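Peer 1: File final31.cif below, mmCIF, C-alpha atoms:
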data_structure
#
loop_
_atom_site.label_atom_id
_atom_site.label_comp_id
_atom_site.auth_asym_id
_atom_site.auth_seq_id
_atom_site.Cartn_x
_atom_site.Cartn_y
_atom_site.Cartn_z
CA MET A 1 111.65 103.17 120.43
CA MET A 2 115.07 102.50 121.87
CA ASN A 3 117.30 105.43 122.85
CA GLU A 4 115.42 107.91 120.64
CA GLU A 5 115.03 110.74 123.16
CA ASP A 6 115.47 113.52 120.59
CA ASN A 7 112.89 111.98 118.26
CA VAL A 8 110.01 111.73 120.75
CA ARG A 9 108.61 115.26 120.56
CA PRO A 10 109.11 115.66 116.75
CA MET A 11 107.43 112.27 116.27
CA VAL A 12 104.39 113.25 118.32
CA GLN A 13 104.11 116.57 116.47
CA ALA A 14 104.42 114.87 113.09
CA LEU A 15 101.75 112.32 113.99
CA GLU A 16 99.34 114.96 115.28
CA ASN A 17 99.71 116.95 112.08
CA ALA A 18 99.45 113.94 109.77
CA LEU A 19 96.49 112.27 111.49
CA ALA A 20 94.32 115.34 112.08
CA GLY A 21 90.71 114.40 111.42
CA ILE A 22 91.31 110.68 112.05
CA ASP A 23 90.30 108.86 115.22
CA TYR A 24 93.64 107.39 116.28
CA GLU A 25 95.84 106.34 119.18
CA VAL A 26 99.64 106.24 119.32
CA ILE A 27 101.31 103.34 121.13
CA PHE A 28 104.93 104.09 121.99
CA VAL A 29 106.85 100.94 122.95
CA ASP A 30 109.99 101.69 124.94
CA ASP A 31 112.28 98.75 124.21
CA GLY A 32 114.71 99.06 127.11
CA SER A 33 115.96 102.61 126.48
CA THR A 34 118.82 103.82 128.66
CA ASP A 35 118.46 107.52 127.85
CA ALA A 36 115.58 109.97 128.40
CA THR A 37 113.24 108.37 125.85
CA ARG A 38 110.85 106.98 128.44
CA PRO A 39 110.44 110.15 130.56
CA ARG A 40 109.93 112.27 127.45
CA ILE A 41 107.13 110.00 126.26
CA LYS A 42 105.56 110.06 129.74
CA GLU A 43 105.53 113.86 129.63
CA LEU A 44 103.40 113.72 126.49
CA ALA A 45 101.18 110.78 127.50
CA SER A 46 97.43 111.37 127.12
CA GLU A 47 94.29 109.51 126.09
CA ARG A 48 95.68 109.30 122.57
CA ILE A 49 99.36 108.78 123.42
CA ILE A 50 100.16 105.62 125.36
CA LEU A 51 103.50 104.35 126.60
CA VAL A 52 104.19 100.62 126.86
CA GLU A 53 107.40 100.19 128.83
CA LEU A 54 109.17 96.85 128.41
CA ARG A 55 111.31 95.56 131.27
CA LYS A 56 114.39 95.22 129.06
CA ASN A 57 115.50 95.35 125.44
CA TYR A 58 113.76 92.49 123.64
CA GLY A 59 114.32 93.56 120.03
CA GLN A 60 112.15 95.08 117.35
CA SER A 61 109.94 92.07 116.63
CA THR A 62 108.95 91.60 120.27
CA ALA A 63 108.43 95.35 120.70
CA MET A 64 106.09 95.35 117.70
CA THR A 65 104.13 92.46 119.20
CA ALA A 66 103.79 94.36 122.49
CA GLY A 67 102.52 97.41 120.63
CA ILE A 68 100.00 95.41 118.60
CA ASP A 69 98.76 93.65 121.76
CA HIS A 70 97.96 97.01 123.39
CA THR A 71 96.09 98.59 120.47
CA LYS A 72 92.34 99.06 120.23
CA GLY A 73 91.99 100.22 116.63
CA ILE A 74 90.39 98.46 113.68
CA TYR A 75 93.48 99.24 111.60
CA ILE A 76 97.06 99.12 112.84
CA ALA A 77 100.06 101.00 111.42
CA LEU A 78 103.66 100.13 112.28
CA LEU A 79 106.18 102.95 112.40
CA ASP A 80 109.82 103.19 113.45
CA GLY A 81 110.79 105.76 116.08
CA ASP A 82 113.64 107.28 114.08
CA LEU A 83 111.53 109.67 111.94
CA GLN A 84 112.92 108.21 108.72
CA ASN A 85 109.43 107.14 107.72
CA ASP A 86 106.93 109.98 107.25
CA PRO A 87 103.59 109.84 109.12
CA THR A 88 101.96 111.84 106.28
CA ASP A 89 102.01 108.60 104.26
CA ILE A 90 99.65 106.91 106.72
CA PRO A 91 96.32 108.54 105.66
CA PRO A 92 96.65 107.73 101.92
CA MET A 93 97.80 104.18 102.75
CA LEU A 94 94.82 103.72 105.05
CA ASP A 95 92.48 105.10 102.40
CA LEU A 96 93.91 102.68 99.83
CA LEU A 97 93.49 99.72 102.18
CA LYS A 98 89.85 100.53 102.82
CA ARG A 99 88.96 101.64 99.28
CA GLU A 100 90.44 98.63 97.49
CA ASP A 101 89.83 96.10 100.27
CA TRP A 102 93.46 95.15 100.95
CA ASP A 103 94.53 93.39 104.14
CA VAL A 104 98.02 94.89 104.22
CA VAL A 105 99.47 98.00 102.58
CA ALA A 106 103.28 98.04 102.80
CA GLY A 107 105.60 100.95 102.20
CA ASN A 108 108.40 101.00 99.65
CA ARG A 109 111.24 103.46 100.35
CA LYS A 110 111.67 104.64 96.76
CA ASN A 111 114.34 107.30 97.45
CA ARG A 112 116.00 105.75 100.46
CA LYS A 113 118.24 108.12 102.46
CA ASP A 114 120.67 105.57 103.88
CA GLY A 115 124.30 104.62 103.32
CA PHE A 116 124.82 102.79 100.01
CA ILE A 117 127.38 100.16 101.04
CA LEU A 118 126.36 99.33 104.62
CA ARG A 119 122.58 99.66 104.25
CA LYS A 120 121.33 99.70 100.65
CA ILE A 121 123.40 96.90 99.12
CA PRO A 122 122.76 94.34 101.94
CA SER A 123 119.08 95.32 101.87
CA LYS A 124 118.79 94.80 98.11
CA ILE A 125 120.43 91.38 98.36
CA ALA A 126 118.19 90.36 101.26
CA ASN A 127 115.06 91.59 99.47
CA TYR A 128 115.98 89.63 96.35
CA LEU A 129 116.60 86.41 98.27
CA ILE A 130 113.39 86.73 100.28
CA ARG A 131 111.33 87.34 97.13
CA ARG A 132 113.00 84.45 95.32
CA TRP A 133 112.66 81.89 98.09
CA THR A 134 109.29 82.80 99.61
CA LYS A 135 107.45 83.84 96.40
CA VAL A 136 106.03 86.88 98.19
CA PHE A 137 106.84 89.67 95.77
CA ILE A 138 107.38 92.81 97.84
CA LYS A 139 110.07 95.27 96.77
CA ASP A 140 111.09 96.52 100.21
CA TYR A 141 110.79 94.10 103.12
CA GLY A 142 112.80 96.38 105.39
CA CYS A 143 110.37 99.30 105.41
CA THR A 144 108.63 99.26 108.77
CA LEU A 145 105.75 101.49 107.64
CA LYS A 146 102.85 99.13 107.00
CA ILE A 147 99.11 99.23 107.66
CA PHE A 148 97.11 96.13 108.56
CA ARG A 149 93.62 95.06 109.31
CA ARG A 150 93.59 94.20 112.98
CA GLU A 151 92.94 90.47 112.55
CA ILE A 152 96.02 90.12 110.36
CA ALA A 153 98.31 92.09 112.69
CA GLU A 154 97.15 90.16 115.77
CA ASP A 155 98.01 86.81 114.24
CA LEU A 156 101.45 87.60 112.77
CA GLY A 157 103.32 85.56 115.39
CA LEU A 158 106.32 87.90 115.60
CA TYR A 159 109.30 86.71 117.62
CA GLY A 160 113.06 86.66 117.33
CA GLU A 161 113.90 88.99 114.43
CA LEU A 162 111.04 88.12 112.09
CA HIS A 163 109.89 91.73 111.60
CA ARG A 164 111.61 91.81 108.19
CA PHE A 165 109.39 88.90 107.15
CA ILE A 166 106.07 90.49 108.11
CA PRO A 167 104.73 90.34 104.50
CA VAL A 168 105.59 86.62 104.41
CA LEU A 169 103.87 86.01 107.76
CA ALA A 170 100.82 87.92 106.52
CA ALA A 171 100.82 85.98 103.23
CA MET A 172 100.80 82.74 105.24
CA GLN A 173 97.43 83.89 106.59
CA GLY A 174 96.18 84.47 103.05
CA ALA A 175 96.36 88.26 103.39
CA ARG A 176 95.89 90.40 100.28
CA ILE A 177 99.00 92.60 100.16
CA THR A 178 99.92 95.62 98.07
CA GLN A 179 102.80 98.07 98.22
CA VAL A 180 103.05 101.81 97.61
CA ASP A 181 105.98 104.21 97.41
CA VAL A 182 106.51 106.23 100.59
CA LYS A 183 108.78 109.07 101.59
CA HIS A 184 112.03 108.38 103.40
CA HIS A 185 114.19 110.84 105.34
CA ALA A 186 117.75 110.75 106.56
CA ARG A 187 118.11 110.16 110.28
CA GLN A 188 118.47 113.48 112.11
CA PHE A 189 118.84 112.36 115.73
CA GLY A 190 120.25 109.27 117.42
CA GLN A 191 122.08 106.32 115.92
CA SER A 192 120.96 103.40 113.80
CA LYS A 193 120.63 100.08 115.64
CA TYR A 194 121.41 98.05 112.52
CA GLY A 195 124.60 96.99 110.78
CA LEU A 196 126.11 94.25 108.68
CA GLY A 197 126.02 91.90 111.66
CA ARG A 198 122.31 91.27 111.17
CA THR A 199 122.87 89.79 107.67
CA PHE A 200 123.54 86.29 108.99
CA ARG A 201 120.53 86.45 111.32
CA VAL A 202 118.35 87.43 108.37
CA MET A 203 119.62 84.46 106.38
CA SER A 204 118.88 82.09 109.27
CA ASP A 205 115.37 83.49 109.64
CA LEU A 206 114.86 83.23 105.87
CA ILE A 207 115.36 79.46 106.02
CA THR A 208 112.76 79.32 108.79
CA MET A 209 110.34 81.41 106.73
CA VAL A 210 110.77 79.23 103.64
CA PHE A 211 109.91 76.19 105.75
CA PHE A 212 106.90 77.89 107.34
CA ARG A 213 105.69 79.22 104.00
CA ARG A 214 105.83 75.90 102.17
CA TYR A 215 105.73 73.07 104.69
CA ILE A 216 104.26 74.19 108.02
CA GLN A 217 101.14 72.05 107.47
CA LYS A 218 102.87 69.28 105.51
CA PRO A 219 106.43 68.71 106.84
CA MET A 220 106.40 65.13 105.56
CA HIS A 221 106.43 66.52 102.01
CA LEU A 222 109.85 68.00 102.72
CA PHE A 223 111.49 65.40 104.94
CA GLY A 224 109.74 62.45 103.33
CA THR A 225 110.75 63.47 99.80
CA MET A 226 114.39 63.93 100.79
CA GLY A 227 114.26 60.72 102.83
CA PHE A 228 112.88 58.54 100.04
CA VAL A 229 115.34 59.98 97.51
CA SER A 230 118.22 59.28 99.90
CA LEU A 231 116.84 55.82 100.68
CA PHE A 232 116.51 55.02 96.96
CA PHE A 233 120.15 55.90 96.24
CA GLY A 234 121.25 53.95 99.32
CA ILE A 235 119.37 50.85 98.18
CA ILE A 236 120.74 51.10 94.62
CA ILE A 237 124.33 51.49 95.85
CA ASN A 238 124.04 48.64 98.33
CA LEU A 239 122.42 46.33 95.75
CA TYR A 240 125.30 47.13 93.40
CA LEU A 241 127.81 46.27 96.13
CA LEU A 242 125.90 43.08 96.93
CA VAL A 243 126.19 41.99 93.32
CA LEU A 244 129.93 42.74 93.38
CA LYS A 245 130.29 40.70 96.58
CA ILE A 246 128.41 37.74 95.07
CA MET A 247 130.70 37.90 92.04
CA GLY A 248 133.70 37.56 94.35
CA HIS A 249 134.93 41.14 94.42
CA ASP A 250 136.25 42.68 97.61
CA ILE A 251 134.02 45.62 98.58
CA TRP A 252 135.50 46.36 101.97
CA GLY A 253 137.08 49.81 102.24
CA LYS A 254 135.46 51.17 99.09
CA PRO A 255 134.28 54.80 99.50
CA ILE A 256 131.05 53.89 97.73
CA LEU A 257 130.25 51.49 100.59
CA ILE A 258 130.37 54.35 103.09
CA LEU A 259 128.32 56.54 100.74
CA GLY A 260 125.68 53.83 100.39
CA LEU A 261 125.38 53.44 104.15
CA ILE A 262 125.10 57.23 104.62
CA PHE A 263 122.31 57.44 102.03
CA LEU A 264 120.52 54.44 103.55
CA LEU A 265 120.69 55.56 107.18
CA GLY A 266 120.11 59.23 106.24
CA GLY A 267 116.96 58.31 104.32
CA ILE A 268 115.56 56.35 107.26
CA GLN A 269 116.30 59.25 109.63
CA LEU A 270 114.71 61.86 107.35
CA ILE A 271 111.53 59.80 106.98
CA THR A 272 111.42 59.34 110.76
CA ILE A 273 111.87 63.11 111.29
CA GLY A 274 109.02 63.73 108.83
CA ILE A 275 106.70 61.43 110.77
CA LEU A 276 107.61 63.12 114.08
CA ALA A 277 107.11 66.57 112.51
CA GLU A 278 103.65 65.52 111.28
CA ILE A 279 102.75 64.40 114.80
CA ASN A 280 103.96 67.74 116.22
CA VAL A 281 101.97 69.74 113.66
CA ARG A 282 98.79 67.83 114.47
CA THR A 283 99.40 68.22 118.20
CA TYR A 284 99.95 71.97 117.73
CA PHE A 285 96.74 72.58 115.81
CA GLU A 286 94.53 70.23 117.84
CA SER A 287 95.78 71.14 121.33
CA SER A 288 95.69 74.90 120.70
CA GLY A 289 92.31 74.80 119.00
CA ARG A 290 93.76 76.60 115.96
CA LYS A 291 92.25 76.02 112.55
CA THR A 292 94.30 75.03 109.53
CA TYR A 293 92.42 77.70 107.56
CA GLN A 294 91.32 81.31 108.04
CA VAL A 295 88.09 82.89 106.83
CA ARG A 296 88.50 86.40 105.44
CA LYS A 297 84.82 87.34 105.07
CA ILE A 298 81.41 85.71 104.93
CA TYR A 299 78.74 86.98 102.52
CA GLY A 300 75.03 86.32 102.65
CA GLY A 301 72.88 84.90 105.43
CA ASN A 302 72.86 87.08 108.52
CA GLN A 303 76.53 88.06 108.11
CA SER A 304 77.38 91.72 107.38
#
Spit out the file's structure as structure tokens when you get a sec.

Peer 2:
Amino acid sequence: MMNEEDNVRPMVQALENALAGIDYEVIFVDDGSTDATRPRIKELASERIILVELRKNYGQSTAMTAGIDHTKGIYIALLDGDLQNDPTDIPPMLDLLKREDWDVVAGNRKNRKDGFILRKIPSKIANYLIRRWTKVFIKDYGCTLKIFRREIAEDLGLYGELHRFIPVLAAMQGARITQVDVKHHARQFGQSKYGLGRTFRVMSDLITMVFFRRYIQKPMHLFGTMGFVSLFFGIIINLYLLVLKIMGHDIWGKPILILGLIFLLGGIQLITIGILAEINVRTYFESSGRKTYQVRKIYGGNQS
């Protein structure tokens, strides 16, 4: 929550009503609020309601990571502090996750109560591009309401503004993901923290996600392929110019000479970058003790 003072008490009441009969905890993350958000949460703090106060405003992705780090539950639900998502959707989503053995159940704001031009249109474009480029087919990447198994949520690696790409990050772990329609309400209190300015940041992060999704364990496949293609064209062009030179033609000053050199040097550089990226990937996995795979479950033996 950031500057959501008027939403604190209604949020707590809505959660208590929606989660009656479920063993739960609520982690409020105060992301550098400058209003009365923090004191109002402290007034309601209890064994079930916990406040994590960040030293400054870090952004939604970092705030989500802080919340996840301080949870104890087997299942983790993410929820915005603006009351636009409805906590009553959490129990059926949790039931679906457990009943059908999903790793992530994501919400889809079917009847979204936001502005058409400034919110819906940019969101539809972003959702289309993310689906097209990452091959993770979720209708609504921008809906915060999602439920995870703990092991998936803990290993998302959220930073920057990657919260929109949570389904992609989960898919990179091999998570089984489904999506259900959820209710969406118009904002009653406070102001939205989002605008058109985030569009360019989303596009930048999308490029990062495409790379992570396809090449994080094999960067040479990307840089090496582009490098060898560039090197091939450079060699062909320079051989052609060599033949012209041998035949007595003047090749100096020809634009194709510059193009051939660019292709040749560019190809060598791309291949070199690929080799260095491969070394970095191996250093990352080996020095951190991380595996290049993840086991979802083990059946048989003494495993339960």

Peer 1: Give as an NGL selection string the set of residues within 9 Å of the point (108.9, 98.8, 104.5), where distances use the file's coordinates and all atoms listed in the file.

Peer 2: :A and (85 or 106-109 or 139-146 or 164 or 179 or 182)

Peer 1: Evaluating the PyMOL selection byres ((chain A and resi 147) around 9) on the displayed file yields which residues, as a VMD selection string?

Peer 2: chain A and resid 75 to 78 90 93 to 94 97 103 to 107 145 to 146 148 to 149 153

Peer 1: Quick one: distance from CA of Leu206 in chain A to CA of Ser61 in chain A in Å, one decimal?

Peer 2: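 The value is 14.8 Å.
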
Peer 1: For the provided coordinates, the residues matched by the PyMOL selection byres ((chain A and resi 42-53) around 6) should be stated as a list in words.

Peer 2: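 Selection result, ordered by chain and number: Glu25, Val26, Ile27, Phe28, Val29, Asp30, Pro39, Arg40, Ile41 and Leu54 of chain A.
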
Peer 1: Go ahead and compute the interatomic distance for CA of Ile216 in chain A and CA of Thr283 in chain A, in Å to one decimal.

Peer 2: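 Going from CA of Ile216 in chain A over to CA of Thr283 in chain A, I get 12.8 Å.
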
Peer 1: Give the answer as one residue: which of A:Met1, A:Leu15, A:Leu276, A:Ile262 has the shortest atom-to-atom distance to Gly81 in chain A, using only C-alpha atoms?

Peer 2: A:Met1

Peer 1: Have a look at A:Asp101, A:Asp205, A:Val136, A:Gly267 and name the one nearest to Leu162 in chain A; count only C-alpha atoms.

Peer 2: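 Smallest separation from Leu162 in chain A among the options: A:Asp205.
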
Peer 1: What would range 148-159 of chain A look like with N, CA and C atoms restored, written as a compact mmCIF listing (two decimals), keeping the file's coordinate frame?

Peer 2:
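result.txt written:
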# COMPACT_ATOMS: atom_id res chain seq x y z
N PHE A 148 97.77 97.44 108.55
CA PHE A 148 97.11 96.13 108.56
C PHE A 148 95.66 96.25 109.03
N ARG A 149 94.88 95.31 108.60
CA ARG A 149 93.62 95.06 109.31
C ARG A 149 93.98 94.37 110.62
N ARG A 150 93.23 94.65 111.64
CA ARG A 150 93.59 94.20 112.98
C ARG A 150 93.77 92.68 113.06
N GLU A 151 92.87 91.92 112.42
CA GLU A 151 92.94 90.47 112.55
C GLU A 151 94.22 89.89 111.95
N ILE A 152 94.77 90.57 110.95
CA ILE A 152 96.02 90.12 110.36
C ILE A 152 97.19 90.44 111.30
N ALA A 153 97.21 91.66 111.81
CA ALA A 153 98.31 92.09 112.69
C ALA A 153 98.36 91.24 113.96
N GLU A 154 97.19 90.91 114.51
CA GLU A 154 97.15 90.16 115.77
C GLU A 154 97.70 88.75 115.62
N ASP A 155 97.65 88.20 114.42
CA ASP A 155 98.01 86.81 114.24
C ASP A 155 99.33 86.65 113.49
N LEU A 156 100.18 87.68 113.49
CA LEU A 156 101.45 87.60 112.77
C LEU A 156 102.42 86.60 113.40
N GLY A 157 102.39 86.48 114.72
CA GLY A 157 103.32 85.56 115.39
C GLY A 157 104.75 86.04 115.32
N LEU A 158 104.97 87.33 115.65
CA LEU A 158 106.32 87.90 115.60
C LEU A 158 107.13 87.46 116.81
N TYR A 159 108.34 87.02 116.56
CA TYR A 159 109.30 86.71 117.62
C TYR A 159 110.68 86.72 117.01
